[in-house]
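Structure data (PDB, C-alpha atoms and all ligand atoms) from run_24.pdb:
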```
ATOM      1  CA  MET A   1      87.516  89.409-181.780  1.00  0.00           C
ATOM      2  CA  SER A   2      90.848  91.104-182.515  1.00  0.00           C
ATOM      3  CA  LYS A   3      91.953  94.142-180.504  1.00  0.00           C
ATOM      4  CA  ILE A   4      91.659  96.228-183.688  1.00  0.00           C
ATOM      5  CA  ASP A   5      88.019  95.151-184.189  1.00  0.00           C
ATOM      6  CA  PHE A   6      87.301  95.933-180.529  1.00  0.00           C
ATOM      7  CA  LEU A   7      88.824  99.392-181.027  1.00  0.00           C
ATOM      8  CA  LYS A   8      86.700  99.917-184.183  1.00  0.00           C
ATOM      9  CA  THR A   9      83.568  99.042-182.188  1.00  0.00           C
ATOM     10  CA  PHE A  10      84.620 101.569-179.552  1.00  0.00           C
ATOM     11  CA  ILE A  11      85.078 104.271-182.216  1.00  0.00           C
ATOM     12  CA  LYS A  12      81.557 103.641-183.592  1.00  0.00           C
ATOM     13  CA  ASP A  13      79.788 103.431-180.236  1.00  0.00           C
ATOM     14  CA  ARG A  14      80.634 105.582-177.201  1.00  0.00           C
ATOM     15  CA  ASP A  15      78.748 103.193-174.894  1.00  0.00           C
ATOM     16  CA  VAL A  16      81.541 100.654-175.435  1.00  0.00           C
ATOM     17  CA  ALA A  17      83.587 102.991-173.190  1.00  0.00           C
ATOM     18  CA  SER A  18      86.876 101.088-173.377  1.00  0.00           C
ATOM     19  CA  ILE A  19      89.447 100.827-176.170  1.00  0.00           C
ATOM     20  CA  THR A  20      90.432  97.286-175.320  1.00  0.00           C
ATOM     21  CA  PRO A  21      88.925  94.231-173.565  1.00  0.00           C
ATOM     22  CA  THR A  22      89.527  93.779-169.837  1.00  0.00           C
ATOM     23  CA  SER A  23      92.873  92.130-169.023  1.00  0.00           C
ATOM     24  CA  LEU A  24      92.847  88.456-168.059  1.00  0.00           C
ATOM     25  CA  HIS A  25      94.452  89.461-164.760  1.00  0.00           C
ATOM     26  CA  CYS A  26      91.490  91.733-163.973  1.00  0.00           C
ATOM     27  CA  VAL A  27      88.946  89.131-165.178  1.00  0.00           C
ATOM     28  CA  LYS A  28      90.445  86.571-162.771  1.00  0.00           C
ATOM     29  CA  ARG A  29      90.475  89.089-159.926  1.00  0.00           C
ATOM     30  CA  VAL A  30      86.770  89.969-160.333  1.00  0.00           C
ATOM     31  CA  CYS A  31      85.876  86.276-160.650  1.00  0.00           C
ATOM     32  CA  THR A  32      87.544  85.375-157.336  1.00  0.00           C
ATOM     33  CA  HIS A  33      84.253  86.609-155.836  1.00  0.00           C
ATOM     34  CA  ILE A  34      82.304  83.844-157.625  1.00  0.00           C
ATOM     35  CA  ASP A  35      81.909  80.415-156.031  1.00  0.00           C
ATOM     36  CA  PHE A  36      82.088  78.083-159.031  1.00  0.00           C
ATOM     37  CA  SER A  37      81.749  74.928-156.905  1.00  0.00           C
ATOM     38  CA  LYS A  38      77.922  75.271-157.037  1.00  0.00           C
ATOM     39  CA  ASP A  39      75.409  75.288-159.899  1.00  0.00           C
ATOM     40  CA  LEU A  40      74.892  78.977-160.647  1.00  0.00           C
ATOM     41  CA  THR A  41      72.709  81.388-162.534  1.00  0.00           C
ATOM     42  CA  LEU A  42      74.850  84.308-163.586  1.00  0.00           C
ATOM     43  CA  VAL A  43      73.806  87.389-165.564  1.00  0.00           C
ATOM     44  CA  GLU A  44      76.441  89.524-167.298  1.00  0.00           C
ATOM     45  CA  TYR A  45      75.750  93.091-168.475  1.00  0.00           C
ATOM     46  CA  GLY A  46      77.968  94.419-171.273  1.00  0.00           C
ATOM     47  CA  PRO A  47      79.980  91.285-172.113  1.00  0.00           C
ATOM     48  CA  GLY A  48      81.582  93.046-175.116  1.00  0.00           C
ATOM     49  CA  ASP A  49      83.620  90.475-177.023  1.00  0.00           C
ATOM     50  CA  GLY A  50      83.104  87.944-174.218  1.00  0.00           C
ATOM     51  CA  VAL A  51      86.360  88.063-172.285  1.00  0.00           C
ATOM     52  CA  PHE A  52      84.587  87.469-168.937  1.00  0.00           C
ATOM     53  CA  SER A  53      81.967  85.160-170.459  1.00  0.00           C
ATOM     54  CA  ARG A  54      84.553  82.711-171.827  1.00  0.00           C
ATOM     55  CA  PHE A  55      86.477  82.639-168.559  1.00  0.00           C
ATOM     56  CA  ILE A  56      83.261  82.013-166.613  1.00  0.00           C
ATOM     57  CA  LEU A  57      82.179  79.236-169.006  1.00  0.00           C
ATOM     58  CA  GLY A  58      85.508  77.540-168.397  1.00  0.00           C
ATOM     59  CA  LYS A  59      84.830  77.532-164.654  1.00  0.00           C
ATOM     60  CA  MET A  60      81.110  76.994-164.193  1.00  0.00           C
ATOM     61  CA  SER A  61      79.380  73.620-163.795  1.00  0.00           C
ATOM     62  CA  ALA A  62      77.422  71.777-166.497  1.00  0.00           C
ATOM     63  CA  ASN A  63      74.108  72.739-164.875  1.00  0.00           C
ATOM     64  CA  SER A  64      74.931  76.421-164.490  1.00  0.00           C
ATOM     65  CA  LYS A  65      73.457  79.141-166.667  1.00  0.00           C
ATOM     66  CA  LEU A  66      75.025  82.322-168.090  1.00  0.00           C
ATOM     67  CA  ILE A  67      72.780  85.063-169.488  1.00  0.00           C
ATOM     68  CA  LEU A  68      74.462  87.781-171.522  1.00  0.00           C
ATOM     69  CA  ILE A  69      72.865  91.221-171.911  1.00  0.00           C
ATOM     70  CA  GLU A  70      74.680  93.221-174.612  1.00  0.00           C
ATOM     71  CA  LEU A  71      73.419  96.482-176.136  1.00  0.00           C
ATOM     72  CA  ASN A  72      75.909  96.859-178.978  1.00  0.00           C
ATOM     73  CA  GLU A  73      74.741  94.960-182.055  1.00  0.00           C
ATOM     74  CA  ASP A  74      78.231  94.168-183.393  1.00  0.00           C
ATOM     75  CA  PHE A  75      79.248  92.624-180.062  1.00  0.00           C
ATOM     76  CA  TYR A  76      75.904  90.803-179.857  1.00  0.00           C
ATOM     77  CA  LYS A  77      76.426  89.241-183.310  1.00  0.00           C
ATOM     78  CA  HIS A  78      80.019  88.330-182.444  1.00  0.00           C
ATOM     79  CA  LEU A  79      78.880  86.617-179.231  1.00  0.00           C
ATOM     80  CA  LYS A  80      76.113  84.759-181.094  1.00  0.00           C
ATOM     81  CA  ASP A  81      78.566  83.589-183.773  1.00  0.00           C
ATOM     82  CA  THR A  82      81.346  82.497-181.446  1.00  0.00           C
ATOM     83  CA  ILE A  83      79.747  81.213-178.231  1.00  0.00           C
ATOM     84  CA  LYS A  84      77.945  77.941-178.927  1.00  0.00           C
ATOM     85  CA  ASP A  85      77.240  76.598-175.481  1.00  0.00           C
ATOM     86  CA  PRO A  86      73.888  75.249-174.260  1.00  0.00           C
ATOM     87  CA  ARG A  87      74.442  76.948-170.889  1.00  0.00           C
ATOM     88  CA  VAL A  88      74.379  80.420-172.496  1.00  0.00           C
ATOM     89  CA  GLU A  89      71.550  82.771-173.491  1.00  0.00           C
ATOM     90  CA  ILE A  90      72.408  85.987-175.342  1.00  0.00           C
ATOM     91  CA  HIS A  91      70.132  89.048-175.515  1.00  0.00           C
ATOM     92  CA  ASN A  92      70.579  92.211-177.577  1.00  0.00           C
ATOM     93  CA  THR A  93      69.066  94.632-175.111  1.00  0.00           C
ATOM     94  CA  ARG A  94      69.975  97.142-172.399  1.00  0.00           C
ATOM     95  CA  ALA A  95      70.734  96.222-168.808  1.00  0.00           C
ATOM     96  CA  GLY A  96      67.765  98.279-167.587  1.00  0.00           C
ATOM     97  CA  ASP A  97      65.470  95.857-169.452  1.00  0.00           C
ATOM     98  CA  VAL A  98      66.947  92.715-167.921  1.00  0.00           C
ATOM     99  CA  GLU A  99      63.675  91.786-166.210  1.00  0.00           C
ATOM    100  CA  LYS A 100      61.958  91.544-169.623  1.00  0.00           C
ATOM    101  CA  ALA A 101      64.795  89.413-171.034  1.00  0.00           C
ATOM    102  CA  LEU A 102      64.870  86.840-168.234  1.00  0.00           C
ATOM    103  CA  SER A 103      62.327  84.045-168.003  1.00  0.00           C
ATOM    104  CA  PRO A 104      59.948  84.682-165.069  1.00  0.00           C
ATOM    105  CA  GLU A 105      61.253  81.811-162.929  1.00  0.00           C
ATOM    106  CA  LEU A 106      64.706  83.425-162.859  1.00  0.00           C
ATOM    107  CA  ILE A 107      63.504  86.718-161.363  1.00  0.00           C
ATOM    108  CA  GLY A 108      64.694  86.719-157.757  1.00  0.00           C
ATOM    109  CA  ASN A 109      66.802  83.588-158.308  1.00  0.00           C
ATOM    110  CA  VAL A 110      69.995  84.901-159.883  1.00  0.00           C
ATOM    111  CA  ASP A 111      73.196  84.171-157.922  1.00  0.00           C
ATOM    112  CA  TYR A 112      75.469  86.776-159.501  1.00  0.00           C
ATOM    113  CA  VAL A 113      75.112  89.848-161.696  1.00  0.00           C
ATOM    114  CA  LEU A 114      78.405  90.904-163.249  1.00  0.00           C
ATOM    115  CA  SER A 115      78.519  94.305-164.912  1.00  0.00           C
ATOM    116  CA  GLY A 116      80.968  96.094-167.177  1.00  0.00           C
ATOM    117  CA  ILE A 117      78.588  98.746-168.484  1.00  0.00           C
ATOM    118  CA  PRO A 118      79.720 102.369-168.126  1.00  0.00           C
ATOM    119  CA  PHE A 119      77.301 103.538-165.433  1.00  0.00           C
ATOM    120  CA  SER A 120      78.939 106.982-165.489  1.00  0.00           C
ATOM    121  CA  PHE A 121      77.326 107.570-168.926  1.00  0.00           C
ATOM    122  CA  LEU A 122      73.829 106.962-167.547  1.00  0.00           C
ATOM    123  CA  GLU A 123      71.637 109.676-166.113  1.00  0.00           C
ATOM    124  CA  LYS A 124      70.779 109.386-162.435  1.00  0.00           C
ATOM    125  CA  SER A 125      67.317 107.973-163.127  1.00  0.00           C
ATOM    126  CA  ARG A 126      68.691 105.338-165.576  1.00  0.00           C
ATOM    127  CA  LYS A 127      71.327 104.277-163.043  1.00  0.00           C
ATOM    128  CA  ARG A 128      68.583 103.718-160.534  1.00  0.00           C
ATOM    129  CA  ILE A 129      66.519 101.711-163.038  1.00  0.00           C
ATOM    130  CA  VAL A 130      69.459  99.375-163.728  1.00  0.00           C
ATOM    131  CA  LEU A 131      70.343  98.985-160.042  1.00  0.00           C
ATOM    132  CA  THR A 132      66.736  98.346-159.004  1.00  0.00           C
ATOM    133  CA  ALA A 133      66.272  95.761-161.781  1.00  0.00           C
ATOM    134  CA  THR A 134      69.519  94.139-160.649  1.00  0.00           C
ATOM    135  CA  LYS A 135      68.294  93.931-157.079  1.00  0.00           C
ATOM    136  CA  ASN A 136      64.980  92.461-158.285  1.00  0.00           C
ATOM    137  CA  ILE A 137      66.584  89.639-160.263  1.00  0.00           C
ATOM    138  CA  LEU A 138      69.123  88.660-157.595  1.00  0.00           C
ATOM    139  CA  LYS A 139      68.233  86.104-154.944  1.00  0.00           C
ATOM    140  CA  GLU A 140      68.644  86.942-151.241  1.00  0.00           C
ATOM    141  CA  GLY A 141      72.392  86.932-150.585  1.00  0.00           C
ATOM    142  CA  GLY A 142      73.133  87.176-154.324  1.00  0.00           C
ATOM    143  CA  LEU A 143      76.076  89.322-155.408  1.00  0.00           C
ATOM    144  CA  PHE A 144      76.301  92.285-157.739  1.00  0.00           C
ATOM    145  CA  LEU A 145      79.869  92.636-159.053  1.00  0.00           C
ATOM    146  CA  ALA A 146      80.741  95.692-161.129  1.00  0.00           C
ATOM    147  CA  TYR A 147      84.013  97.020-162.517  1.00  0.00           C
ATOM    148  CA  GLN A 148      84.020 100.783-163.053  1.00  0.00           C
ATOM    149  CA  THR A 149      86.629 103.452-163.653  1.00  0.00           C
ATOM    150  CA  SER A 150      85.836 105.386-160.464  1.00  0.00           C
ATOM    151  CA  GLY A 151      83.796 105.663-157.270  1.00  0.00           C
ATOM    152  CA  HIS A 152      80.831 107.456-158.933  1.00  0.00           C
ATOM    153  CA  LEU A 153      78.583 104.422-158.406  1.00  0.00           C
ATOM    154  CA  LYS A 154      78.991 104.302-154.620  1.00  0.00           C
ATOM    155  CA  LYS A 155      76.142 106.689-153.803  1.00  0.00           C
ATOM    156  CA  PRO A 156      73.501 105.129-156.101  1.00  0.00           C
ATOM    157  CA  VAL A 157      74.515 101.614-154.996  1.00  0.00           C
ATOM    158  CA  MET A 158      74.178 102.598-151.332  1.00  0.00           C
ATOM    159  CA  GLU A 159      70.740 104.094-152.040  1.00  0.00           C
ATOM    160  CA  VAL A 160      69.459 100.912-153.681  1.00  0.00           C
ATOM    161  CA  PHE A 161      71.372  98.106-151.901  1.00  0.00           C
ATOM    162  CA  GLY A 162      72.549  99.744-148.645  1.00  0.00           C
ATOM    163  CA  ASN A 163      75.993  98.106-148.711  1.00  0.00           C
ATOM    164  CA  LEU A 164      79.148  97.845-150.787  1.00  0.00           C
ATOM    165  CA  GLU A 165      82.826  96.970-150.714  1.00  0.00           C
ATOM    166  CA  THR A 166      85.340  98.167-153.275  1.00  0.00           C
ATOM    167  CA  GLU A 167      88.851  97.211-154.295  1.00  0.00           C
ATOM    168  CA  ARG A 168      91.168  98.764-156.848  1.00  0.00           C
ATOM    169  CA  GLU A 169      92.683  96.892-159.792  1.00  0.00           C
ATOM    170  CA  ILE A 170      95.426  98.850-161.494  1.00  0.00           C
ATOM    171  CA  LEU A 171      96.677  96.137-163.855  1.00  0.00           C
ATOM    172  CA  ASN A 172      94.148  97.041-166.515  1.00  0.00           C
ATOM    173  CA  ILE A 173      93.586  99.752-169.128  1.00  0.00           C
ATOM    174  CA  PRO A 174      91.789 101.694-167.710  1.00  0.00           C
ATOM    175  CA  PRO A 175      92.402 100.872-164.006  1.00  0.00           C
ATOM    176  CA  TYR A 176      89.164  99.658-162.423  1.00  0.00           C
ATOM    177  CA  LEU A 177      87.402  99.926-159.111  1.00  0.00           C
ATOM    178  CA  ILE A 178      85.687  96.606-158.413  1.00  0.00           C
ATOM    179  CA  TYR A 179      82.378  96.838-156.539  1.00  0.00           C
ATOM    180  CA  ARG A 180      81.064  93.917-154.488  1.00  0.00           C
ATOM    181  CA  VAL A 181      77.471  94.395-153.364  1.00  0.00           C
ATOM    182  CA  VAL A 182      75.154  91.951-151.568  1.00  0.00           C
ATOM    183  CA  LYS A 183      71.376  91.822-151.953  1.00  0.00           C
ATOM    184  CA  ASN A 184      69.913  92.250-148.459  1.00  0.00           C
ATOM    185  CA  GLY A 185      72.693  91.900-145.982  1.00  0.00           C
ATOM    186  CA  VAL A 186      75.569  89.599-145.320  1.00  0.00           C
ATOM    187  CA  ARG A 187      76.557  86.646-147.488  1.00  0.00           C
TER
HETATM  188  C1  LIG A 201      83.814  98.715-170.938  1.00  0.00           C
HETATM  189  S1  LIG A 201      83.040  97.639-172.135  1.00  0.00           S
HETATM  190  C2  LIG A 201      83.312  96.072-171.330  1.00  0.00           C
HETATM  191  C3  LIG A 201      83.377  94.943-172.311  1.00  0.00           C
HETATM  192  C4  LIG A 201      83.807  93.602-171.703  1.00  0.00           C
HETATM  193  N1  LIG A 201      82.918  93.168-170.650  1.00  0.00           N
HETATM  194  C5  LIG A 201      85.211  93.658-171.169  1.00  0.00           C
HETATM  195  O1  LIG A 201      85.373  93.551-169.935  1.00  0.00           O
HETATM  196  O2  LIG A 201      86.142  93.790-171.965  1.00  0.00           O
HETATM  197  C6  LIG A 201      81.305  98.011-171.840  1.00  0.00           C
HETATM  198  C7  LIG A 201      80.319  97.072-172.534  1.00  0.00           C
HETATM  199  O3  LIG A 201      79.000  97.387-172.084  1.00  0.00           O
HETATM  200  C8  LIG A 201      78.108  97.457-173.209  1.00  0.00           C
HETATM  201  N2  LIG A 201      77.012  98.322-172.796  1.00  0.00           N
HETATM  202  C9  LIG A 201      77.040  99.669-172.595  1.00  0.00           C
HETATM  203  N3  LIG A 201      75.870 100.102-172.100  1.00  0.00           N
HETATM  204  C10 LIG A 201      75.082  98.991-171.974  1.00  0.00           C
HETATM  205  C11 LIG A 201      73.753  98.769-171.487  1.00  0.00           C
HETATM  206  N4  LIG A 201      73.006  99.790-171.045  1.00  0.00           N
HETATM  207  N5  LIG A 201      73.263  97.521-171.464  1.00  0.00           N
HETATM  208  C12 LIG A 201      74.020  96.471-171.925  1.00  0.00           C
HETATM  209  N6  LIG A 201      75.275  96.621-172.405  1.00  0.00           N
HETATM  210  C13 LIG A 201      75.800  97.853-172.412  1.00  0.00           C
HETATM  211  C14 LIG A 201      78.989  97.982-174.323  1.00  0.00           C
HETATM  212  O4  LIG A 201      78.458  97.725-175.600  1.00  0.00           O
HETATM  213  C15 LIG A 201      80.274  97.178-174.037  1.00  0.00           C
HETATM  214  O5  LIG A 201      80.193  95.888-174.572  1.00  0.00           O
END
```
Step by step, read the file and then write its structure as structure tokens.
Amino acid sequence: MSKIDFLKTFIKDRDVASITPTSLHCVKRVCTHIDFSKDLTLVEYGPGDGVFSRFILGKMSANSKLILIELNEDFYKHLKDTIKDPRVEIHNTRAGDVEKALSPELIGNVDYVLSGIPFSFLEKSRKRIVLTATKNILKEGGLFLAYQTSGHLKKPVMEVFGNLETEREILNIPPYLIYRVVKNGVR
């Protein structure tokens, strides 16, 4: 998708929350937290035009699985039209409904959840729904990785997961705070 089309999608839908896709520099930085040497199940919330998804597909093994959860219909259609890879599943739904989208055997067995959705737009109760669903689908020791514009997610993450680490990435528009959260303790 061109940068102009991304911008048009942003203008139509406030939940897109960013005028441009994440920079490749930032994508690589977030993905340093993913161990691609193993077969993985990875869920991505808010893939947008697929800038993370394509990078991840280039790195992950033939037996890995990538499940995309995208609310915006234009982005969903774009992903469907342009990503033809048997390792990928694409759902047009909201992150809070991820448990309904995933097949039952994946619940509690996901290695990584990567999220670009604007949590700051969600009410407190919706934030909690998304975080609790995320915890439910992750396996023990699984990682939740989120890139956000600020530290607003620290409190709700601590309430649901009880741990977090953050790092700042300024080489992006907007600059992001990257959250690294473990399900139940140390990885
Ligand atoms: C800041 S953009 C990030 C897009 C892309 N991942 C990137 O890094 O360039 C946020 C994305 O989250 C999607 N989104 C917003 N709220 C969502 C929700 N509740 N569930 C799933 N996707 C959501 C938007 O449609 C958009 O694609």
Stretch 128-134 of chain A environment, 8 Å, only C-alpha atoms, sequence neighbours closer than 4 positions dropped, as a ChimeraX atom specification: /A:95-99,113,124,138,144,156-157,160
Output check: residues returned by the PyMOL selection byres (((not hetatm)) within 9 of (chain A and resi 201)), as a VMD selection string: chain A and resid 6 9 to 10 13 to 23 26 to 27 44 to 53 68 to 76 92 to 98 114 to 119 121 to 122 126 130 147 to 148
Output of the PyMOL selection byres (((chain A and resi 182) around 6) and not hetatm), listed as an MDAnalysis selection string: chainID A and resid 141:143 181 183
Please determine the residues with any atom at most 6 Å from (75.9, 84.5, -162.0) (coordinates as given in the file, with all atoms listed in the file counting) and report them as a PDB file with C-alpha atoms, keeping the file's coordinate frame.
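Okay, this is what ended up in out09.pdb:
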```
ATOM      1  CA  LEU A  40      74.892  78.977-160.647  1.00  0.00           C
ATOM      2  CA  THR A  41      72.709  81.388-162.534  1.00  0.00           C
ATOM      3  CA  LEU A  42      74.850  84.308-163.586  1.00  0.00           C
ATOM      4  CA  VAL A  43      73.806  87.389-165.564  1.00  0.00           C
ATOM      5  CA  ASP A 111      73.196  84.171-157.922  1.00  0.00           C
ATOM      6  CA  TYR A 112      75.469  86.776-159.501  1.00  0.00           C
ATOM      7  CA  VAL A 113      75.112  89.848-161.696  1.00  0.00           C
TER       8      VAL A 113
END
```
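In this structure, atom CA of A:Asp5 sits 23.8 Å away from atom CA of A:Gly58.
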Result set of the PyMOL selection byres (((chain A and resi 137) around 6) and not hetatm) on the coordinates above, as a list in words: Ile107, Gly108, Val110, Thr134, Lys135, Asn136 and Leu138 of chain A
Residues within 8 Å of (88.4, 106.7, -160.8), file coords, all atoms listed in the file, listed as number ranges by chain: A: 148-152, 175-177
